[in-house]
$ cat input-v1.csv   # CSV, C-alpha atoms and all ligand atoms
chain,number,residue,atom,x,y,z
R,1,MET,CA,77.9,115.9,89.6
R,2,PRO,CA,78.7,112.4,90.9
R,3,ASN,CA,82.4,111.4,90.5
R,4,ARG,CA,81.4,108.1,88.9
R,5,ASN,CA,85.0,107.4,87.8
R,6,LYS,CA,86.7,108.0,91.1
R,7,THR,CA,87.0,105.0,93.4
R,8,ILE,CA,88.7,105.4,96.8
R,9,ALA,CA,90.5,102.5,98.6
R,10,ILE,CA,90.2,102.8,102.4
R,11,VAL,CA,91.3,100.6,105.3
R,12,ASN,CA,90.0,100.5,108.9
R,13,GLY,CA,86.7,101.7,107.5
R,14,THR,CA,84.8,101.7,110.8
R,15,GLY,CA,87.5,103.7,112.5
R,16,ARG,CA,86.6,107.3,113.4
R,17,GLN,CA,88.9,108.8,110.7
R,18,ALA,CA,88.0,106.5,107.8
R,19,ALA,CA,84.3,106.4,108.6
R,20,SER,CA,84.2,110.2,108.5
R,21,VAL,CA,86.0,110.1,105.1
R,22,ILE,CA,83.5,107.5,103.7
R,23,ARG,CA,80.5,109.6,104.8
R,24,ALA,CA,81.9,112.7,103.2
R,25,VAL,CA,83.1,111.3,99.8
R,26,THR,CA,80.1,109.1,99.2
R,27,ALA,CA,77.8,112.1,99.8
R,28,VAL,CA,79.2,113.7,96.7
R,29,GLY,CA,79.2,110.5,94.6
R,30,TYR,CA,82.6,108.8,95.0
R,31,THR,CA,82.7,105.0,95.1
R,32,VAL,CA,84.4,103.4,98.1
R,33,ARG,CA,86.1,100.0,98.6
R,34,ALA,CA,86.9,99.7,102.2
R,35,HIS,CA,88.5,97.1,104.5
R,36,VAL,CA,86.8,96.6,107.8
R,37,HIS,CA,87.9,94.4,110.7
R,38,SER,CA,84.3,93.3,111.2
R,39,LEU,CA,81.0,93.6,109.4
R,40,GLN,CA,79.2,93.6,112.8
R,41,GLY,CA,78.4,96.7,114.7
R,42,LEU,CA,76.6,100.0,114.3
R,43,VAL,CA,79.2,101.8,112.1
R,44,ALA,CA,79.8,98.8,109.8
R,45,GLU,CA,76.0,98.4,109.4
R,46,GLU,CA,75.6,102.2,108.7
R,47,LEU,CA,78.4,102.1,106.0
R,48,ALA,CA,77.0,98.9,104.4
R,49,GLU,CA,73.8,100.8,103.7
R,50,ILE,CA,75.5,103.6,101.8
R,51,PRO,CA,75.2,103.2,98.0
R,52,ASN,CA,78.5,102.8,96.2
R,53,VAL,CA,80.3,101.4,99.3
R,54,SER,CA,81.8,97.9,99.2
R,55,LEU,CA,83.1,96.5,102.5
R,56,PHE,CA,85.7,93.8,102.7
R,57,GLU,CA,86.1,92.1,106.1
R,58,GLY,CA,89.3,90.6,107.3
R,59,ALA,CA,92.8,91.1,108.8
R,60,LEU,CA,95.3,93.1,106.7
R,61,LEU,CA,98.5,91.6,108.1
R,62,ASN,CA,100.1,89.2,105.6
R,63,ASN,CA,96.9,89.3,103.5
R,64,SER,CA,97.9,90.4,100.0
R,65,VAL,CA,94.6,89.0,98.6
R,66,LEU,CA,92.5,91.4,100.8
R,67,ILE,CA,94.9,94.3,100.1
R,68,ASP,CA,94.7,93.8,96.3
R,69,THR,CA,90.9,93.5,96.5
R,70,ILE,CA,90.6,96.9,98.2
R,71,PHE,CA,92.8,98.6,95.5
R,72,GLU,CA,91.0,96.9,92.6
R,73,GLY,CA,89.7,99.6,90.3
R,74,ALA,CA,90.7,102.4,92.7
R,75,GLN,CA,92.4,105.6,91.6
R,76,ILE,CA,92.9,107.2,95.0
R,77,ALA,CA,93.3,106.0,98.6
R,78,PHE,CA,92.9,107.1,102.2
R,79,ILE,CA,95.0,105.0,104.5
R,80,ASN,CA,94.9,105.1,108.3
R,81,THR,CA,96.3,101.9,109.9
R,82,ASN,CA,95.5,100.9,113.4
R,83,PRO,CA,97.6,99.2,116.0
R,84,LEU,CA,94.9,96.7,116.8
R,85,GLY,CA,95.5,95.2,113.3
R,86,GLY,CA,99.1,94.2,114.2
R,87,ASP,CA,102.5,95.3,112.8
R,88,GLU,CA,101.6,98.7,111.3
R,89,ILE,CA,104.9,99.0,109.4
R,90,LYS,CA,104.4,95.7,107.6
R,91,ILE,CA,100.8,96.5,106.9
R,92,GLY,CA,101.6,100.1,105.8
R,93,LYS,CA,104.4,99.0,103.4
R,94,ALA,CA,102.2,96.3,101.9
R,95,LEU,CA,99.4,98.9,101.3
R,96,ALA,CA,101.9,101.3,99.7
R,97,ASN,CA,103.3,98.5,97.5
R,98,ALA,CA,99.8,97.6,96.3
R,99,ALA,CA,99.0,101.3,95.6
R,100,LYS,CA,102.2,101.6,93.6
R,101,LYS,CA,101.3,98.5,91.6
R,102,ARG,CA,97.9,99.9,90.8
R,103,ASN,CA,99.2,103.3,89.9
R,104,ILE,CA,97.2,105.1,92.5
R,105,GLN,CA,97.0,108.8,91.6
R,106,HIS,CA,96.7,110.2,95.1
R,107,PHE,CA,97.6,108.3,98.3
R,108,VAL,CA,96.5,110.2,101.4
R,109,TYR,CA,98.2,108.6,104.4
R,110,SER,CA,97.4,109.4,108.0
R,111,SER,CA,100.8,109.7,109.6
R,112,MET,CA,102.2,110.7,113.0
R,113,PRO,CA,105.6,112.0,114.1
R,114,ASP,CA,108.7,110.2,115.4
R,115,HIS,CA,109.8,112.7,118.1
R,116,SER,CA,113.2,110.9,118.6
R,117,ILE,CA,114.6,112.3,115.3
R,118,HIS,CA,114.1,115.9,116.5
R,119,ASN,CA,115.7,115.6,120.0
R,120,PRO,CA,118.0,112.9,121.4
R,121,HIS,CA,116.1,113.0,124.7
R,122,TRP,CA,112.7,112.6,123.3
R,123,PRO,CA,111.3,109.0,123.0
R,124,ALA,CA,109.8,107.7,119.8
R,125,LEU,CA,106.1,106.9,120.7
R,126,PRO,CA,105.7,103.3,119.4
R,127,GLN,CA,102.2,103.8,118.0
R,128,TRP,CA,103.2,107.0,116.2
R,129,ALA,CA,106.8,106.4,115.1
R,130,CYS,CA,105.7,103.3,113.1
R,131,LYS,CA,103.5,105.6,111.0
R,132,PHE,CA,106.5,107.9,110.3
R,133,THR,CA,108.5,104.9,109.1
R,134,VAL,CA,105.8,104.1,106.6
R,135,GLU,CA,105.5,107.7,105.6
R,136,ASN,CA,109.2,107.6,104.6
R,137,TYR,CA,108.7,104.4,102.7
R,138,ILE,CA,105.8,105.9,100.7
R,139,ARG,CA,108.0,108.9,99.9
R,140,GLN,CA,110.8,106.5,98.7
R,141,LEU,CA,108.3,104.7,96.4
R,142,GLY,CA,107.5,108.0,94.8
R,143,LEU,CA,103.8,107.6,95.2
R,144,PRO,CA,101.8,110.9,94.6
R,145,SER,CA,101.0,111.3,98.3
R,146,THR,CA,99.9,113.6,101.1
R,147,PHE,CA,100.4,113.1,104.8
R,148,VAL,CA,97.8,114.2,107.3
R,149,TYR,CA,98.8,114.5,110.9
R,150,THR,CA,95.6,114.2,113.0
R,151,GLY,CA,95.3,116.3,116.2
R,152,ILE,CA,93.9,114.9,119.5
R,153,TYR,CA,90.3,113.8,118.9
R,154,ASN,CA,87.7,115.7,120.9
R,155,ASN,CA,85.9,112.5,121.4
R,156,ASN,CA,88.8,110.9,123.2
R,157,PHE,CA,87.1,112.4,126.2
R,158,THR,CA,84.8,110.1,128.2
R,159,SER,CA,83.8,109.8,131.8
R,160,LEU,CA,84.6,106.1,131.6
R,161,PRO,CA,87.8,105.3,133.5
R,162,TYR,CA,90.1,105.1,130.4
R,163,PRO,CA,93.6,106.4,130.8
R,164,LEU,CA,94.7,109.9,129.5
R,165,PHE,CA,91.3,111.5,128.4
R,166,CYS,CA,89.1,110.6,131.3
R,167,MET,CA,86.8,113.6,132.1
R,168,ASP,CA,86.1,112.4,135.6
R,169,PHE,CA,82.9,113.2,137.4
R,170,LYS,CA,83.6,113.9,141.0
R,171,ASP,CA,80.9,113.3,143.7
R,172,ASN,CA,79.7,116.9,143.8
R,173,GLY,CA,79.2,117.0,140.0
R,174,ARG,CA,82.5,118.8,139.3
R,175,LEU,CA,84.6,117.6,136.3
R,176,GLU,CA,88.3,116.9,136.5
R,177,TRP,CA,90.8,116.0,133.7
R,178,ARG,CA,94.1,114.7,134.9
R,179,ALA,CA,96.9,114.3,132.3
R,180,PRO,CA,100.7,114.7,131.8
R,181,PHE,CA,100.3,117.7,129.3
R,182,HIS,CA,101.6,121.0,130.7
R,183,PRO,CA,98.7,123.2,131.6
R,184,ASP,CA,99.7,126.2,129.5
R,185,THR,CA,101.1,124.3,126.4
R,186,LYS,CA,98.8,124.5,123.4
R,187,LEU,CA,97.8,121.2,121.9
R,188,PRO,CA,96.2,120.5,118.5
R,189,TRP,CA,92.5,119.4,118.6
R,190,LEU,CA,90.3,117.8,116.0
R,191,ASP,CA,86.8,116.4,115.9
R,192,ALA,CA,87.7,113.3,114.0
R,193,GLU,CA,84.2,112.1,113.2
R,194,HIS,CA,82.9,115.6,112.2
R,195,ASP,CA,86.0,117.0,110.4
R,196,VAL,CA,88.4,114.4,109.0
R,197,GLY,CA,86.0,113.5,106.1
R,198,PRO,CA,85.3,117.0,104.7
R,199,ALA,CA,89.0,118.0,105.0
R,200,VAL,CA,90.3,114.8,103.2
R,201,LEU,CA,87.6,115.2,100.5
R,202,GLN,CA,89.0,118.7,99.8
R,203,ILE,CA,92.5,117.3,99.7
R,204,PHE,CA,91.3,114.8,97.0
R,205,LYS,CA,89.5,117.5,95.1
R,206,ASP,CA,92.7,119.7,95.1
R,207,GLY,CA,94.7,116.7,94.2
R,208,PRO,CA,98.5,115.9,94.2
R,209,SER,CA,99.3,119.0,92.1
R,210,LYS,CA,98.6,121.0,95.2
R,211,TRP,CA,99.4,118.6,98.1
R,212,HIS,CA,102.0,116.1,96.9
R,213,GLY,CA,104.6,115.5,99.6
R,214,HIS,CA,102.9,117.9,102.1
R,215,ARG,CA,102.4,117.3,105.7
R,216,ILE,CA,99.1,118.8,106.8
R,217,ALA,CA,98.1,119.2,110.4
R,218,LEU,CA,94.5,118.1,110.7
R,219,ALA,CA,93.9,120.2,113.8
R,220,PHE,CA,91.3,123.0,113.9
R,221,GLU,CA,92.1,124.5,117.4
R,222,MET,CA,95.2,125.0,119.4
R,223,LEU,CA,94.1,124.9,123.0
R,224,THR,CA,95.9,124.4,126.3
R,225,PRO,CA,94.5,121.8,128.7
R,226,VAL,CA,93.3,124.6,130.9
R,227,GLN,CA,91.4,126.1,127.9
R,228,VAL,CA,89.9,122.7,127.1
R,229,CYS,CA,88.6,122.5,130.6
R,230,GLN,CA,87.2,126.0,130.4
R,231,ALA,CA,85.3,125.0,127.2
R,232,PHE,CA,83.8,122.0,128.9
R,233,GLU,CA,82.9,124.1,131.9
R,234,ARG,CA,81.0,126.6,129.7
R,235,ALA,CA,79.4,123.9,127.6
R,236,LEU,CA,78.2,121.7,130.5
R,237,GLU,CA,77.7,124.5,133.0
R,238,ARG,CA,79.6,122.8,135.7
R,239,PRO,CA,83.1,123.4,137.1
R,240,CYS,CA,85.9,121.6,135.2
R,241,LYS,CA,89.4,121.6,136.6
R,242,TYR,CA,92.6,120.5,134.9
R,243,VAL,CA,95.2,118.7,137.0
R,244,PHE,CA,98.7,118.3,135.6
R,245,ASP,CA,99.9,114.8,136.6
R,246,LYS,CA,103.1,113.4,135.1
R,247,HIS,CA,101.8,109.9,135.9
R,248,ILE,CA,99.0,108.3,133.8
R,249,ASP,CA,96.8,106.1,135.9
R,250,VAL,CA,95.8,102.9,134.1
R,251,ARG,CA,92.7,101.5,135.9
R,252,VAL,CA,91.3,99.3,133.2
R,253,PRO,CA,92.7,96.6,130.8
R,254,VAL,CA,94.3,98.3,127.7
R,255,PRO,CA,95.2,96.8,124.3
R,256,ASN,CA,98.6,95.3,123.8
R,257,GLY,CA,101.3,98.0,123.3
R,258,TYR,CA,99.2,100.8,124.7
R,259,ARG,CA,101.0,100.8,128.1
R,260,GLU,CA,104.3,101.5,126.3
R,261,GLN,CA,102.7,104.3,124.3
R,262,LEU,CA,101.4,105.9,127.6
R,263,ALA,CA,104.8,105.5,129.2
R,264,GLY,CA,106.3,107.4,126.3
R,265,ILE,CA,103.7,110.1,126.6
R,266,GLU,CA,104.5,110.6,130.3
R,267,ILE,CA,108.1,111.3,129.3
R,268,LEU,CA,107.6,113.2,126.1
R,269,PHE,CA,105.0,115.6,127.3
R,270,GLY,CA,105.1,115.3,131.1
R,271,GLN,CA,108.8,115.5,131.5
R,272,TYR,CA,110.0,117.3,128.3
R,273,ASN,CA,107.0,119.4,127.4
R,274,ALA,CA,107.7,118.5,123.7
R,275,PRO,CA,105.6,120.0,120.9
R,276,TYR,CA,102.8,117.6,119.9
R,277,PHE,CA,103.9,117.9,116.3
R,278,PRO,CA,107.6,118.6,116.1
R,279,GLY,CA,109.7,119.8,113.1
R,280,PRO,CA,109.8,122.6,110.5
R,281,ASP,CA,106.4,121.7,108.9
R,282,PHE,CA,104.6,122.5,112.1
R,283,ASP,CA,106.8,125.3,113.5
R,284,TYR,CA,104.6,128.4,113.5
R,285,GLU,CA,105.3,131.7,115.2
R,286,THR,CA,102.3,133.5,116.5
R,287,LYS,CA,101.9,136.6,118.7
R,288,ARG,CA,100.8,136.1,122.2
R,289,LYS,CA,97.4,137.8,122.7
R,290,GLY,CA,97.8,141.4,123.8
R,291,SER,CA,101.6,141.4,123.7
R,292,ASN,CA,104.6,141.3,121.4
R,293,ASP,CA,105.9,138.0,122.8
R,294,THR,CA,105.9,135.2,120.3
R,295,ILE,CA,105.1,131.5,120.9
R,296,THR,CA,106.6,128.8,118.7
R,297,GLN,CA,104.6,125.6,118.3
R,298,GLY,CA,106.7,122.9,116.6
R,299,ARG,CA,110.1,123.8,117.9
R,300,SER,CA,112.8,121.4,119.2
R,301,SER,CA,116.1,122.2,120.8
R,302,SER,CA,118.0,121.8,117.5
R,303,ASP,CA,115.8,124.4,115.8
R,304,SER,CA,117.0,127.6,117.3
R,305,ALA,CA,118.7,128.8,114.1
R,306,ARG,CA,115.6,128.2,111.9
R,307,LYS,CA,112.9,130.9,111.3
R,308,PRO,CA,109.4,129.6,112.1
R,309,LYS,CA,106.6,129.8,109.5
R,310,ALA,CA,104.2,132.7,109.6
R,311,GLY,CA,100.6,132.0,110.4
R,312,LYS,CA,99.0,129.3,112.6
R,313,LEU,CA,99.2,125.6,112.7
R,314,THR,CA,95.5,125.4,112.2
R,315,ASP,CA,95.5,127.5,109.0
R,316,GLU,CA,95.7,124.6,106.5
R,317,ALA,CA,93.0,122.5,108.1
R,318,ARG,CA,90.7,125.6,108.4
R,319,SER,CA,91.2,126.5,104.8
R,320,LEU,CA,90.4,122.9,103.8
R,321,TRP,CA,87.2,122.9,105.9
R,322,PRO,CA,86.0,126.0,107.6
R,323,ALA,CA,82.9,124.5,109.2
R,324,TYR,CA,84.8,122.5,111.8
R,325,ARG,CA,83.3,121.5,115.2
R,326,PRO,CA,85.2,123.3,118.0
R,327,ILE,CA,85.6,121.5,121.3
R,328,TYR,CA,83.1,123.7,123.0
R,329,GLU,CA,80.4,122.6,120.6
R,330,TYR,CA,81.6,119.0,120.8
R,331,ALA,CA,81.2,119.1,124.6
R,332,LYS,CA,77.8,120.8,124.4
R,333,GLU,CA,76.3,118.6,121.7
R,334,ALA,CA,78.2,115.3,121.1
R,335,PHE,CA,79.8,114.5,124.5
R,336,ILE,CA,76.4,114.3,126.2
R,337,VAL,CA,75.0,111.9,123.5
R,338,GLU,CA,78.1,109.7,123.7
R,339,GLU,CA,77.9,109.6,127.5
R,340,GLU,CA,74.2,108.6,127.3
R,341,ALA,CA,75.1,105.9,124.9
R,342,ASN,CA,77.7,104.7,127.5
R,343,GLY,CA,74.9,104.4,130.0
R,344,LYS,CA,75.8,107.5,132.0
R,345,THR,CA,72.9,109.5,133.6
R,346,TRP,CA,74.7,112.7,134.9
R,347,MET,CA,73.0,114.8,132.2
R,348,ILE,CA,69.4,113.9,133.3
Y,1,LIG,P1,89.2,104.0,116.0
Y,1,LIG,O1,90.0,103.9,117.2
Y,1,LIG,O2,88.0,104.9,115.9
Y,1,LIG,O3,88.6,102.5,115.6
Y,1,LIG,C1,89.3,101.4,115.9
Y,1,LIG,C2,88.9,100.3,114.9
Y,1,LIG,O4,89.6,99.1,115.1
Y,1,LIG,C3,87.4,100.0,115.0
Y,1,LIG,O5,86.8,100.3,113.7
Y,1,LIG,C4,87.4,98.5,115.2
Y,1,LIG,O6,86.4,97.9,114.4
Y,1,LIG,C5,88.7,98.1,114.8
Y,1,LIG,N1,89.2,96.9,115.5
Y,1,LIG,C6,88.9,96.3,116.6
Y,1,LIG,N2,89.6,95.2,116.9
Y,1,LIG,C7,90.5,95.1,115.8
Y,1,LIG,C8,91.5,94.2,115.5
Y,1,LIG,N3,91.8,93.1,116.3
Y,1,LIG,N4,92.1,94.3,114.4
Y,1,LIG,C9,91.9,95.4,113.6
Y,1,LIG,N5,90.9,96.3,113.8
Y,1,LIG,C10,90.2,96.1,114.9
Y,1,LIG,O7,90.2,104.2,114.7
Y,1,LIG,P2,90.8,105.6,114.2
Y,1,LIG,O8,90.8,106.5,115.4
Y,1,LIG,O9,90.2,106.0,113.0
Y,1,LIG,O10,92.3,105.2,113.9
Y,1,LIG,C11,93.1,104.7,114.9
Y,1,LIG,C12,94.5,105.3,114.6
Y,1,LIG,O11,94.4,106.7,114.8
Y,1,LIG,C13,95.6,104.8,115.6
Y,1,LIG,O12,96.7,104.4,114.9
Y,1,LIG,C14,95.9,106.1,116.4
Y,1,LIG,O13,97.2,106.1,116.8
Y,1,LIG,C15,95.6,107.2,115.4
Y,1,LIG,N6,95.4,108.5,116.1
Y,1,LIG,C16,94.5,108.7,117.1
Y,1,LIG,C17,94.4,109.9,117.7
Y,1,LIG,C18,93.5,110.1,118.8
Y,1,LIG,O14,93.5,111.2,119.4
Y,1,LIG,N7,92.7,109.2,119.2
Y,1,LIG,C19,95.2,111.0,117.2
Y,1,LIG,C20,96.1,110.8,116.2
Y,1,LIG,C21,96.2,109.5,115.6
$ encode --input "input-v1.csv" --output "structure tokens" --more "lines below"
Ligand code: NAD
Amino acid sequence: MPNRNKTIAIVNGTGRQAASVIRAVTAVGYTVRAHVHSLQGLVAEELAEIPNVSLFEGALLNNSVLIDTIFEGAQIAFINTNPLGGDEIKIGKALANAAKKRNIQHFVYSSMPDHSIHNPHWPALPQWACKFTVENYIRQLGLPSTFVYTGIYNNNFTSLPYPLFCMDFKDNGRLEWRAPFHPDTKLPWLDAEHDVGPAVLQIFKDGPSKWHGHRIALAFEMLTPVQVCQAFERALERPCKYVFDKHIDVRVPVPNGYREQLAGIEILFGQYNAPYFPGPDFDYETKRKGSNDTITQGRSSSDSARKPKAGKLTDEARSLWPAYRPIYEYAKEAFIVEEEANGKTWMI
């Protein structure tokens, strides 16, 4: 049955997270009012073709008219801001205020952690901590809200020379991923385009009675960098090696503010081997395969007295959406298509 009376307000509509949500919710009849930075481009054109999607082009910063327009007639919202749009704290608070004014019944906000509150040595990553500030503001407003924490996107990987997730093709066809993540520390992974939409759709269907105030890790696999390279190796049938390197090489121009983010990542993960998602919500204890040793996933130095949660960090995401795309399948099916679209010919 189409949900004719449910309208969803969305920002950064052409981004990987929001576009995935738009595809999933419109497939079952929801109406979408989405902000986009530009109406040009493949994704904007694809979204514009979907019935019941209205796109509103513009910049969100200091633009209360545009923000009010997005929330007009909406009952629920999926909000993922983007550093390219400018001051994410200002934009995030303005969006939360507009949602409050419109009595939005369920505000799903894509947040990220501020590591500095968990350990005095850990830096706050600028592009993540701003989202945590907005999360706290949303909580203070008392909006019925849920906070999704998205894992590392599978499709960050590219053989283009971008920093951090470059899957580098060496002359002899070998692959190499070089990054400041410890080789044996598990990281949370997510196929943003494939899996954010269906998971968020289920959060909306369950509603705030189930999820109000919750932090949900949108991560479907916990894999070490070495395991990620093993998955690429099997999927692409060529050797793939992980190299732990505390320094991130920046060989191409990057957007404003990203260098500071990368510098923080070098310290947080390269130097301190901090958990990707810190704090009690993400602190799970799991048995190491084949032994009685336990691994804790969200632990900081101040947490030693606290008992970790039972289960796995991926449990909630997998219960919301069991048909997720693992990184092996991503590498085998989607990575090749994306590489071809980027003009690469190694797969021929
Ligand atoms: P995206 O990176 O897929 O898309 C970026 C969007 O920005 C595009 O739709 C583009 O049209 C738009 N854009 C380009 N120039 C712009 C401008 N000047 N102003 C405003 N928009 C502009 O988006 P996404 O991945 O859905 O969301 C990005 C957010 O996700 C970031 O805040 C990032 O920190 C967060 N995040 C990313 C990861 C990851 O692994 N990549 C993980 C967790 C969180």
$ residues_near_ligand --input "input-v1.csv" --ligand "ligand LIG 1 (chain Y)" --cutoff "9 Å" --atoms "all atoms listed in the file" --output "ChimeraX atom specification"
/R:12-20,36-41,43-44,58-60,80-86,88,110-112,127-128,131,149-156,189-190,192-193
$ closest_residue --input "input-v1.csv" --among "R:Thr133, R:Ala99, R:Leu141, R:Pro51" --to "Pro113 of chain R" --atoms "all atoms listed in the file"
R:Thr133
$ atom_distance --input "input-v1.csv" --atom1 "atom CA of Gln261 of chain R" --atom2 "atom CA of His115 of chain R"
12.6 Å
$ residues_around --input "input-v1.csv" --residues "segment 197-205 of chain R" --least-positions-apart "5" --cutoff "10 Å" --atoms "only C-alpha atoms" --output "JSON, numbers by chain"
{"R": [8, 16, 17, 18, 19, 20, 21, 22, 23, 24, 25, 26, 28, 30, 76, 77, 78, 105, 106, 107, 108, 146, 148, 192, 210, 211, 212, 216, 218, 316, 317, 318, 319, 320, 321, 322, 323, 324]}
$ write_last_selection --input "input-v1.csv" --atoms "C-alpha atoms" --output "short mmCIF file (atom, residue, chain, number, x, y, z; two decimals), in the coordinates of the input"
data_model
loop_
_atom_site.label_atom_id
_atom_site.label_comp_id
_atom_site.auth_asym_id
_atom_site.auth_seq_id
_atom_site.Cartn_x
_atom_site.Cartn_y
_atom_site.Cartn_z
CA ILE R 8 88.70 105.40 96.80
CA ARG R 16 86.60 107.30 113.40
CA GLN R 17 88.90 108.80 110.70
CA ALA R 18 88.00 106.50 107.80
CA ALA R 19 84.30 106.40 108.60
CA SER R 20 84.20 110.20 108.50
CA VAL R 21 86.00 110.10 105.10
CA ILE R 22 83.50 107.50 103.70
CA ARG R 23 80.50 109.60 104.80
CA ALA R 24 81.90 112.70 103.20
CA VAL R 25 83.10 111.30 99.80
CA THR R 26 80.10 109.10 99.20
CA VAL R 28 79.20 113.70 96.70
CA TYR R 30 82.60 108.80 95.00
CA ILE R 76 92.90 107.20 95.00
CA ALA R 77 93.30 106.00 98.60
CA PHE R 78 92.90 107.10 102.20
CA GLN R 105 97.00 108.80 91.60
CA HIS R 106 96.70 110.20 95.10
CA PHE R 107 97.60 108.30 98.30
CA VAL R 108 96.50 110.20 101.40
CA THR R 146 99.90 113.60 101.10
CA VAL R 148 97.80 114.20 107.30
CA ALA R 192 87.70 113.30 114.00
CA LYS R 210 98.60 121.00 95.20
CA TRP R 211 99.40 118.60 98.10
CA HIS R 212 102.00 116.10 96.90
CA ILE R 216 99.10 118.80 106.80
CA LEU R 218 94.50 118.10 110.70
CA GLU R 316 95.70 124.60 106.50
CA ALA R 317 93.00 122.50 108.10
CA ARG R 318 90.70 125.60 108.40
CA SER R 319 91.20 126.50 104.80
CA LEU R 320 90.40 122.90 103.80
CA TRP R 321 87.20 122.90 105.90
CA PRO R 322 86.00 126.00 107.60
CA ALA R 323 82.90 124.50 109.20
CA TYR R 324 84.80 122.50 111.80
#
$ atom_distance --input "input-v1.csv" --atom1 "atom CA of Asp249 of chain R" --atom2 "atom CA of Pro163 of chain R"
6.0 Å
$ residues_around --input "input-v1.csv" --residues "Ala34 of chain R" --least-positions-apart "5" --cutoff "7 Å" --atoms "all atoms listed in the file" --output "list in words"
Ala9, Ile10, Val11, Gly13, Ser54, Leu55, Phe56 and Ile70 of chain R
$ closest_residue --input "input-v1.csv" --among "R:Phe181, R:Tyr258, R:Ser159, R:Phe147" --to "Ala341 of chain R" --atoms "all atoms listed in the file"
R:Ser159
$ atom_distance --input "input-v1.csv" --atom1 "atom CA of Ala74 of chain R" --atom2 "atom CA of Gln140 of chain R"
21.4 Å
$ residues_around --input "input-v1.csv" --residues "Arg238 of chain R" --least-positions-apart "5" --cutoff "12 Å" --atoms "all atoms listed in the file" --output "list in words"
Phe169, Lys170, Asn172, Gly173, Arg174, Leu175, Glu176, Cys229, Gln230, Ala231, Phe232, Glu233, Ala331, Lys332, Trp346 and Met347 of chain R
$ closest_residue --input "input-v1.csv" --among "R:Val252, R:Leu143, R:Ala217, R:Ala124" --to "Phe269 of chain R" --atoms "all atoms listed in the file"
R:Ala124
$ closest_residue --input "input-v1.csv" --among "R:Ala334, R:Thr314, R:Ser145, R:Arg102" --to "Ser209 of chain R" --atoms "only C-alpha atoms"
R:Ser145
$ closest_residue --input "input-v1.csv" --among "R:Lys246, R:Lys307, R:Lys344, R:Arg33" --to "His182 of chain R" --atoms "only C-alpha atoms"
R:Lys246
